[in-house]
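Visitor: Structure file entry-v2.txt (compact mmCIF, C-alpha atoms) is given on the next line.
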# COMPACT_ATOMS: atom_id res chain seq x y z
CA MET A 28 119.29 24.20 6.72
CA SER A 29 120.58 27.37 8.31
CA ILE A 30 118.47 29.85 10.18
CA LYS A 31 119.35 32.55 7.69
CA ARG A 32 118.00 30.51 4.82
CA ILE A 33 114.80 29.77 6.73
CA LEU A 34 114.28 33.45 7.38
CA THR A 35 114.91 34.23 3.74
CA ILE A 36 112.38 31.67 2.56
CA THR A 37 109.83 32.90 5.10
CA SER A 38 110.34 36.50 4.01
CA LEU A 39 109.95 35.58 0.37
CA ALA A 40 106.76 33.67 1.18
CA ILE A 41 105.32 36.63 3.05
CA VAL A 42 106.27 38.98 0.24
CA GLY A 43 104.70 36.58 -2.26
CA VAL A 44 101.48 36.45 -0.29
CA PHE A 45 101.30 40.21 -0.13
CA ALA A 46 102.13 40.40 -3.83
CA LEU A 47 99.30 38.03 -4.65
CA ILE A 48 96.93 40.00 -2.42
CA ALA A 49 98.03 43.23 -4.12
CA ILE A 50 97.54 41.71 -7.56
CA PHE A 51 94.10 40.28 -6.91
CA THR A 52 92.79 43.29 -4.95
CA SER A 53 94.06 46.04 -7.23
CA TRP A 54 91.30 45.75 -9.80
CA TYR A 55 87.55 45.23 -9.96
CA THR A 56 84.81 45.14 -12.57
CA VAL A 57 81.49 46.95 -12.63
CA ASP A 58 78.56 45.52 -14.60
CA GLN A 59 76.07 47.72 -16.46
CA SER A 60 73.46 47.07 -13.78
CA GLU A 61 75.87 47.88 -10.93
CA GLN A 62 77.54 50.83 -9.26
CA ALA A 63 80.68 50.86 -7.12
CA VAL A 64 81.92 52.81 -4.13
CA VAL A 65 85.65 52.85 -3.43
CA ILE A 66 86.51 53.18 0.26
CA THR A 67 89.97 54.52 1.09
CA PHE A 68 90.96 53.93 4.72
CA GLY A 69 87.27 54.01 5.69
CA LYS A 70 86.35 57.11 3.67
CA ALA A 71 83.94 56.63 0.76
CA GLU A 72 84.62 58.31 -2.53
CA ASP A 73 82.15 59.31 -5.21
CA PRO A 74 80.24 56.41 -6.76
CA ILE A 75 81.55 54.87 -9.96
CA LEU A 76 78.74 54.31 -12.41
CA GLU A 77 80.73 53.44 -15.54
CA SER A 78 80.78 49.75 -16.34
CA GLY A 79 84.00 47.88 -17.13
CA LEU A 80 87.41 47.18 -15.55
CA HIS A 81 88.70 49.58 -12.89
CA PHE A 82 91.87 49.72 -10.79
CA LYS A 83 92.47 50.75 -7.18
CA LEU A 84 95.01 50.52 -4.42
CA PRO A 85 95.36 47.03 -2.99
CA TRP A 86 93.62 45.91 0.16
CA PRO A 87 93.62 47.04 2.95
CA MET A 88 94.30 50.56 1.68
CA GLN A 89 91.21 50.53 -0.52
CA LYS A 90 88.21 48.27 -0.81
CA VAL A 91 85.16 48.30 -3.09
CA GLU A 92 81.46 47.91 -2.39
CA ILE A 93 79.42 46.82 -5.40
CA LEU A 94 75.74 47.79 -5.33
CA SER A 95 72.96 47.14 -7.82
CA LYS A 96 71.33 49.92 -9.84
CA GLU A 97 68.22 47.81 -10.51
CA THR A 98 64.81 48.16 -8.88
CA PHE A 99 64.19 46.16 -5.70
CA SER A 100 60.85 44.89 -4.38
CA LEU A 101 59.96 44.91 -0.70
CA GLN A 102 57.21 42.38 0.01
CA PHE A 103 55.30 43.56 3.06
CA GLY A 104 53.02 41.08 4.80
CA TYR A 105 54.03 38.01 2.82
CA LYS A 106 57.03 36.28 1.34
CA GLN A 107 57.30 34.23 -1.82
CA SER A 108 59.69 31.29 -1.79
CA PRO A 109 61.79 30.35 -4.85
CA ASP A 110 59.40 27.50 -5.64
CA GLY A 111 56.46 29.95 -5.83
CA GLU A 112 54.90 29.21 -2.44
CA ILE A 113 53.50 32.29 -0.67
CA VAL A 114 53.76 32.58 3.09
CA SER A 115 51.55 35.21 4.77
CA PHE A 116 52.30 37.08 7.98
CA ASP A 117 48.88 38.01 9.35
CA ASN A 118 50.25 39.62 12.50
CA GLU A 119 52.19 42.06 10.36
CA THR A 120 49.30 42.89 8.05
CA LYS A 121 46.47 43.16 10.60
CA MET A 122 45.33 46.80 10.77
CA ILE A 123 42.39 48.87 12.05
CA THR A 124 40.50 51.15 9.70
CA GLY A 125 39.14 54.58 10.52
CA ASP A 126 35.69 53.13 11.25
CA GLU A 127 37.21 50.53 13.65
CA ASN A 128 37.17 47.47 11.42
CA ILE A 129 40.04 44.99 11.11
CA VAL A 130 41.57 44.28 7.69
CA LEU A 131 44.59 42.37 6.46
CA THR A 132 46.72 44.47 4.11
CA ASP A 133 49.81 43.39 2.22
CA LEU A 134 51.66 45.32 -0.44
CA VAL A 135 54.82 45.60 -2.55
CA VAL A 136 57.16 48.61 -2.47
CA GLN A 137 59.35 49.28 -5.50
CA TRP A 138 62.60 51.03 -4.51
CA LYS A 139 66.16 51.58 -5.65
CA ILE A 140 69.48 52.82 -4.27
CA SER A 141 69.74 56.47 -5.24
CA ASP A 142 72.86 57.39 -3.19
CA PRO A 143 75.32 54.52 -2.56
CA LYS A 144 77.38 56.46 0.00
CA LYS A 145 74.36 57.26 2.17
CA TYR A 146 73.01 53.72 1.72
CA LEU A 147 76.28 52.27 3.02
CA PHE A 148 77.11 54.69 5.84
CA ASN A 149 74.01 56.61 6.98
CA ALA A 150 72.23 53.56 8.38
CA GLU A 151 73.32 50.17 9.64
CA ALA A 152 70.33 48.33 8.14
CA PRO A 153 68.59 50.54 5.53
CA GLN A 154 66.26 47.76 4.35
CA THR A 155 65.00 47.24 7.89
CA ILE A 156 64.34 50.96 8.15
CA LEU A 157 62.47 50.81 4.84
CA HIS A 158 60.35 47.92 6.10
CA ASP A 159 59.46 49.74 9.34
CA ALA A 160 58.67 52.96 7.45
CA THR A 161 56.42 50.99 5.11
CA SER A 162 54.55 49.51 8.06
CA ALA A 163 54.11 52.94 9.65
CA SER A 164 52.91 54.50 6.39
CA ILE A 165 50.32 51.90 5.44
CA ARG A 166 48.96 51.70 8.99
CA SER A 167 48.59 55.47 9.10
CA ILE A 168 46.69 55.60 5.81
CA ILE A 169 44.49 52.58 6.59
CA GLY A 170 43.77 54.07 10.01
CA SER A 171 42.33 57.19 8.37
CA SER A 172 40.32 55.29 5.72
CA LEU A 173 36.91 53.63 5.85
CA ILE A 174 36.60 49.88 5.35
CA ASP A 175 34.56 50.36 2.17
CA GLU A 176 37.36 52.45 0.69
CA ALA A 177 40.01 49.91 1.69
CA LEU A 178 38.13 46.95 0.21
CA THR A 179 36.61 48.47 -2.93
CA SER A 180 37.02 51.73 -4.81
CA GLY A 181 39.52 53.50 -2.55
CA LYS A 182 42.55 51.28 -3.16
CA ALA A 183 44.14 53.60 -5.72
CA ASP A 184 43.93 56.54 -3.32
CA ILE A 185 45.37 54.44 -0.49
CA GLU A 186 48.29 53.40 -2.70
CA ALA A 187 49.02 57.00 -3.70
CA GLN A 188 48.79 58.33 -0.14
CA THR A 189 51.00 55.50 1.19
CA ARG A 190 53.60 56.15 -1.51
CA ASP A 191 53.72 59.88 -0.72
CA LEU A 192 53.96 59.33 3.03
CA LEU A 193 56.62 56.62 2.69
CA ALA A 194 58.68 58.76 0.30
CA SER A 195 58.61 61.67 2.75
CA LEU A 196 59.72 59.42 5.64
CA ILE A 197 62.60 57.91 3.65
CA GLU A 198 63.69 61.37 2.58
CA LYS A 199 63.83 62.44 6.24
CA TYR A 200 65.83 59.34 7.20
CA ASP A 201 68.33 60.16 4.39
CA ILE A 202 69.46 56.58 3.84
CA GLY A 203 70.10 56.80 0.09
CA ILE A 204 66.86 55.07 -1.00
CA SER A 205 64.20 56.41 -3.39
CA ILE A 206 60.63 55.07 -3.53
CA LEU A 207 59.37 54.30 -7.03
CA GLY A 208 55.92 52.91 -6.29
CA VAL A 209 53.55 51.17 -3.90
CA LYS A 210 51.14 48.46 -5.00
CA LEU A 211 48.48 46.92 -2.76
CA GLN A 212 48.48 43.17 -3.30
CA ASP A 213 45.45 42.28 -1.20
CA VAL A 214 43.12 43.89 1.31
CA GLU A 215 40.73 41.46 2.96
CA LEU A 216 38.80 40.79 6.13
CA PRO A 217 40.35 38.55 8.77
CA ASN A 218 37.92 35.57 8.67
CA ALA A 219 35.45 33.88 6.37
CA GLU A 220 32.34 34.82 8.38
CA VAL A 221 33.13 38.52 8.30
CA ARG A 222 34.06 38.31 4.62
CA SER A 223 30.72 36.64 3.86
CA ALA A 224 28.78 39.33 5.73
CA PHE A 225 30.67 42.11 4.02
CA THR A 226 30.12 40.47 0.63
CA ALA A 227 26.38 40.36 1.35
CA VAL A 228 26.41 44.05 2.24
CA THR A 229 28.39 44.86 -0.89
CA ASP A 230 25.98 42.87 -3.05
CA ALA A 231 23.03 44.67 -1.48
CA ARG A 232 24.68 48.02 -2.14
CA GLU A 233 25.31 47.08 -5.77
CA THR A 234 21.68 45.95 -6.12
CA LYS A 235 20.55 49.26 -4.65
CA ASN A 236 22.74 51.18 -7.11
CA THR A 237 21.38 49.09 -9.97
CA LYS A 238 17.76 49.74 -8.94
CA THR A 239 18.53 53.43 -8.50
CA ASN A 240 20.03 53.61 -11.98
CA GLU A 241 17.04 51.78 -13.45
CA ALA A 242 14.64 54.15 -11.68
CA GLU A 243 16.61 57.14 -12.92
CA LYS A 244 16.52 55.71 -16.44
CA TYR A 245 12.73 55.17 -16.20
CA LYS A 246 12.29 58.69 -14.85
CA ASN A 247 14.29 60.19 -17.72
CA GLN A 248 12.31 58.10 -20.22
CA ARG A 249 8.97 59.24 -18.81
CA GLU A 250 10.15 62.84 -18.73
CA SER A 251 11.18 62.57 -22.38
CA GLU A 252 7.81 61.08 -23.30
CA ALA A 253 5.99 63.79 -21.34
CA ILE A 254 8.03 66.48 -23.06
CA GLY A 255 7.17 64.89 -26.41
CA GLU A 256 3.47 64.79 -25.54
CA ILE A 257 3.58 68.42 -24.43
CA SER A 258 5.23 69.35 -27.71
CA ALA A 259 2.57 67.41 -29.66
CA ILE A 260 -0.25 69.10 -27.70
CA ASP A 261 1.33 72.50 -28.31
CA SER A 262 1.59 71.71 -32.01
CA ARG A 263 -2.06 70.60 -32.20
CA ALA A 264 -3.19 73.64 -30.25
CA GLU A 265 -1.22 75.91 -32.55
CA GLY A 266 -2.77 74.20 -35.56
CA GLN A 267 -6.29 74.58 -34.12
CA ARG A 268 -5.57 78.19 -33.26
CA THR A 269 -4.44 78.90 -36.81
CA ALA A 270 -7.49 77.08 -38.25
CA ARG A 271 -9.86 78.97 -35.95
CA ILE A 272 -8.29 82.27 -36.91
CA GLU A 273 -8.56 81.47 -40.61
CA GLN A 274 -12.15 80.30 -40.14
CA ALA A 275 -13.02 83.47 -38.25
CA GLN A 276 -11.37 85.59 -40.92
CA GLY A 277 -13.39 83.71 -43.57
CA GLU A 278 -16.61 84.25 -41.64
CA VAL A 279 -15.79 87.92 -41.26
CA ALA A 280 -15.21 88.17 -45.02
CA VAL A 281 -18.58 86.48 -45.68
CA PHE A 282 -20.27 88.80 -43.18
CA ASP A 283 -18.65 91.84 -44.77
CA LYS A 284 -19.87 90.71 -48.20
CA LEU A 285 -23.34 90.04 -46.82
CA TYR A 286 -23.37 93.39 -45.09
CA ALA A 287 -22.49 95.08 -48.36
CA GLU A 288 -25.47 93.38 -50.01
CA TYR A 289 -27.65 94.33 -47.04
CA LYS A 290 -26.63 97.96 -47.44
CA SER A 291 -27.72 97.93 -51.08
CA ASN A 292 -30.99 95.91 -50.61
CA GLN A 293 -31.86 95.95 -46.94
CA GLU A 294 -35.44 94.60 -47.11
CA ILE A 295 -34.71 91.75 -49.51
CA THR A 296 -31.57 90.78 -47.64
CA ARG A 297 -33.43 90.88 -44.35
CA GLN A 298 -36.12 88.53 -45.61
CA ARG A 299 -33.50 86.22 -47.11
CA LEU A 300 -31.64 86.04 -43.83
CA VAL A 301 -34.84 85.26 -41.96
CA ILE A 302 -35.73 82.46 -44.33
CA GLU A 303 -32.22 80.96 -44.30
CA THR A 304 -32.17 81.12 -40.52
CA LEU A 305 -35.52 79.34 -40.29
CA GLU A 306 -34.31 76.67 -42.71
CA SER A 307 -31.20 76.07 -40.63
CA VAL A 308 -33.10 76.06 -37.33
CA LEU A 309 -36.10 74.04 -38.60
CA PRO A 310 -34.72 71.95 -41.46
CA ASN A 311 -37.82 69.70 -41.73
CA ALA A 312 -40.46 72.42 -41.43
CA GLN A 313 -42.57 73.56 -44.40
CA ILE A 314 -42.32 77.29 -44.97
CA TYR A 315 -45.29 79.34 -46.26
CA ILE A 316 -44.85 82.93 -47.29
CA MET A 317 -47.95 85.08 -46.79
CA ASN A 318 -48.73 88.60 -47.90
CA ASP A 319 -50.14 91.35 -45.75
CA SER A 320 -53.71 90.20 -46.36
CA GLY A 321 -52.98 86.74 -45.01
CA GLU A 322 -52.97 84.92 -48.33
CA THR A 323 -50.30 82.42 -49.18
CA VAL A 324 -47.87 83.58 -51.83
CA LYS A 325 -46.43 81.12 -54.28
CA TYR A 326 -42.67 80.85 -54.33
CA LEU A 327 -40.02 78.84 -56.08
CA PRO A 328 -38.86 76.20 -55.81
CA LEU A 329 -42.20 74.61 -55.23
CA GLN A 330 -42.57 71.81 -52.75
CA GLN A 331 -41.74 68.49 -54.32
CA PRO A 332 -44.82 66.24 -54.58
CA THR A 333 -44.92 63.14 -52.54
CA GLN A 334 -44.06 60.17 -54.68
CA ALA A 335 -47.03 57.78 -54.93
CA PRO A 336 -46.36 54.20 -53.99
CA PRO A 337 -46.15 51.81 -56.95
CA VAL A 338 -49.34 49.97 -57.90
CA THR A 339 -49.12 46.23 -58.12
CA THR A 340 -51.34 44.31 -60.51
CA GLU A 341 -52.52 40.89 -59.51
CA LYS A 342 -52.50 38.28 -62.23
CA GLY A 343 -55.70 36.21 -62.75
CA ASP A 344 -55.84 32.44 -62.67
CA GLY A 345 -57.02 32.42 -66.38
CA ASN A 346 -60.66 31.41 -65.70
Give the structure from the file, written as structure tokens.
Guide:
Amino acid sequence: MSIKRILTITSLAIVGVFALIAIFTSWYTVDQSEQAVVITFGKAEDPILESGLHFKLPWPMQKVEILSKETFSLQFGYKQSPDGEIVSFDNETKMITGDENIVLTDLVVQWKISDPKKYLFNAEAPQTILHDATSASIRSIIGSSLIDEALTSGKADIEAQTRDLLASLIEKYDIGISILGVKLQDVELPNAEVRSAFTAVTDARETKNTKTNEAEKYKNQRESEAIGEISAIDSRAEGQRTARIEQAQGEVAVFDKLYAEYKSNQEITRQRLVIETLESVLPNAQIYIMNDSGETVKYLPLQQPTQAPPVTTEKGDGN
């Protein structure tokens, strides 16, 4: 075989290789859950968000980076294996609260790629930056919180504050990532003895709150009863007041009538009043009316005679 023929075959082979490369690198597909960035001689173009088949210049003139549009989850402080096993990293999650207590805090950050160009070129390892920013954010918030807040009712506030702080840090870093949410997975004390002591304190606090609520309920009940009793007393007093007023008005009417009779027959009325007064003051006394000469005057009704005891008759024996 001549040298010329060898060179021809070699040239054709090289051309064929380049042709195959051009054919297989001149097109790409984008799924509905993906976005693409075409890079021309190292310069990134605007992202392609439309799904389907797309064409480009062959490699190495242009290349394509395919990125997902879905939401990612950053697991901070633990990692879950494909078989469901959870591995914790206590050194990463150990933090100091504002009242100088140690807690273990792990969480999940929901994030997505908001700017593919910045995600690809503004940072060498954007996910590492996100992880470090997450650590800085949660440690800052836990460091300004009390242990009671971190372990009980303050978790929602800690999540919100961590999300806001992390979002502001990522925005400053400008790495094409947006934070969607932060969820605390677990906040606990570092060992069983401390957990037991804190549980005892929590139980005591709950018992105190329960007793306080019961006392407040009893207080409100007694106050309601006292208000009811006061209302009943006021009602009775008002009734007695009205009755006394009506009684007094009736007595005044009787007195006015009696006074009118007294005006017309003063002497007779005077004697009648004296007799009635004596009868009311001395109900069992016998009253004798005497004239000016000292003799007793008969009056009606006469004194009722004393009833004689019944007489019993003894029966003889028949002899």
Visitor: For atom CA of Pro143 of chain A and atom CA of Pro87 of chain A, determine how far apart the two atoms are, in Å to one decimal place.
Guide: 20.5 Å
Visitor: Could you state the separation of atom CA of Glu97 of chain A and atom CA of Ile202 of chain A in Å, given to one decimal place?
Guide: 16.9 Å
Visitor: Which residues, written as an mmCIF file with C-alpha atoms, in the coordinates of the input, have at least one atom at most 10 Å from Lys70 of chain A, with all atoms listed in the file counted and residues fewer than 2 positions away on the same chain left out?
Guide:
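This is the output file selection.cif:
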data_model
loop_
_atom_site.group_PDB
_atom_site.id
_atom_site.type_symbol
_atom_site.label_atom_id
_atom_site.label_comp_id
_atom_site.auth_asym_id
_atom_site.auth_seq_id
_atom_site.Cartn_x
_atom_site.Cartn_y
_atom_site.Cartn_z
ATOM 1 C CA VAL A 64 81.920 52.810 -4.130
ATOM 2 C CA VAL A 65 85.650 52.850 -3.430
ATOM 3 C CA ILE A 66 86.510 53.180 0.260
ATOM 4 C CA THR A 67 89.970 54.520 1.090
ATOM 5 C CA PHE A 68 90.960 53.930 4.720
ATOM 6 C CA GLU A 72 84.620 58.310 -2.530
ATOM 7 C CA GLN A 89 91.210 50.530 -0.520
ATOM 8 C CA LYS A 144 77.380 56.460 0.000
ATOM 9 C CA PHE A 148 77.110 54.690 5.840
#
Visitor: Restricting the calculation to only C-alpha atoms: of A:Asp261, A:Trp138, A:Gln298, A:Asn247, which residue gets closest to Thr98 of chain A?
Guide: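 Looking at the shortest contact to Thr98 of chain A, the residue is A:Trp138.
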Visitor: Interatomic distance between atom CA of Ile75 of chain A and atom CA of Thr155 of chain A?
Guide: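 Going from atom CA of Ile75 of chain A over to atom CA of Thr155 of chain A, I get 25.5 Å.
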Visitor: What's the 12 Å shell around Asn149 of chain A, counting only C-alpha atoms, without same-chain residues fewer than 5 positions away, as a list in words?
Guide: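 Listing them by chain and then by number gives Ala71, Asp142, Pro143, Lys144, Ile156, Ile197, Lys199, Tyr200, Asp201, Ile202, Gly203 and Ile204 of chain A.
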Visitor: Can you pull out the residues contacting Phe82 of chain A? Cut-off 10 Å, using all atoms listed in the file, and skip same-chain residues under 3 positions away; I want them as a VMD selection string.
Guide: chain A and resid 52 to 56 85
Visitor: Would you compute, for all listed atoms of segment 110-121 of chain A, the axis-aligned bounding box grown by 5 Å on each side, and then report its centre and edge lengths in Å rounded to one decimal, as AutoDock Vina command-line options?
Guide:
--center_x 52.9 --center_y 35.3 --center_z 3.3 --size_x 22.9 --size_y 25.7 --size_z 28.3
Visitor: For a quick check of understanding, using all atoms listed in the file, which of A:Ala227, A:Leu211, A:Val57, A:Val135 has the smallest distance to Val91 of chain A?
Guide: A:Val57
Visitor: Would you mind telling me which residue in A:Ile254, A:Leu216, A:Ile93, A:Ala40 lies nearest to Lys121 of chain A when using all atoms listed in the file?
Guide: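 The shortest atom-to-atom distance to Lys121 of chain A comes from A:Leu216.
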Visitor: Measuring atom to atom with all atoms listed in the file, identify which of A:Ala264, A:Ile206, A:Ala163, A:Ala152 is nearest to Gln137 of chain A.
Guide: A:Ile206
Visitor: Neighbourhood query: residues within 7 Å of (41.3, 52.1, 13.4), file coordinates, counting only C-alpha atoms; return as an MDAnalysis selection string.
Guide: chainID A and resid 123:128 170
Visitor: Output C-alpha atoms of each residue in that selection to a file, as a PDB file, in the frame of the given file.
Guide:
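Written out: part-v4.pdb:
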ATOM      1  CA  ILE A 123      42.390  48.870  12.050  1.00  0.00           C
ATOM      2  CA  THR A 124      40.500  51.150   9.700  1.00  0.00           C
ATOM      3  CA  GLY A 125      39.140  54.580  10.520  1.00  0.00           C
ATOM      4  CA  ASP A 126      35.690  53.130  11.250  1.00  0.00           C
ATOM      5  CA  GLU A 127      37.210  50.530  13.650  1.00  0.00           C
ATOM      6  CA  ASN A 128      37.170  47.470  11.420  1.00  0.00           C
ATOM      7  CA  GLY A 170      43.770  54.070  10.010  1.00  0.00           C
TER       8      GLY A 170
END
Visitor: Considering all atoms listed in the file, state which residue in the set A:Ile260, A:Leu134, A:Ala187, A:Ile41 is at the smallest distance from Phe103 of chain A.
Guide: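 The answer is A:Leu134, which sits nearest to Phe103 of chain A.
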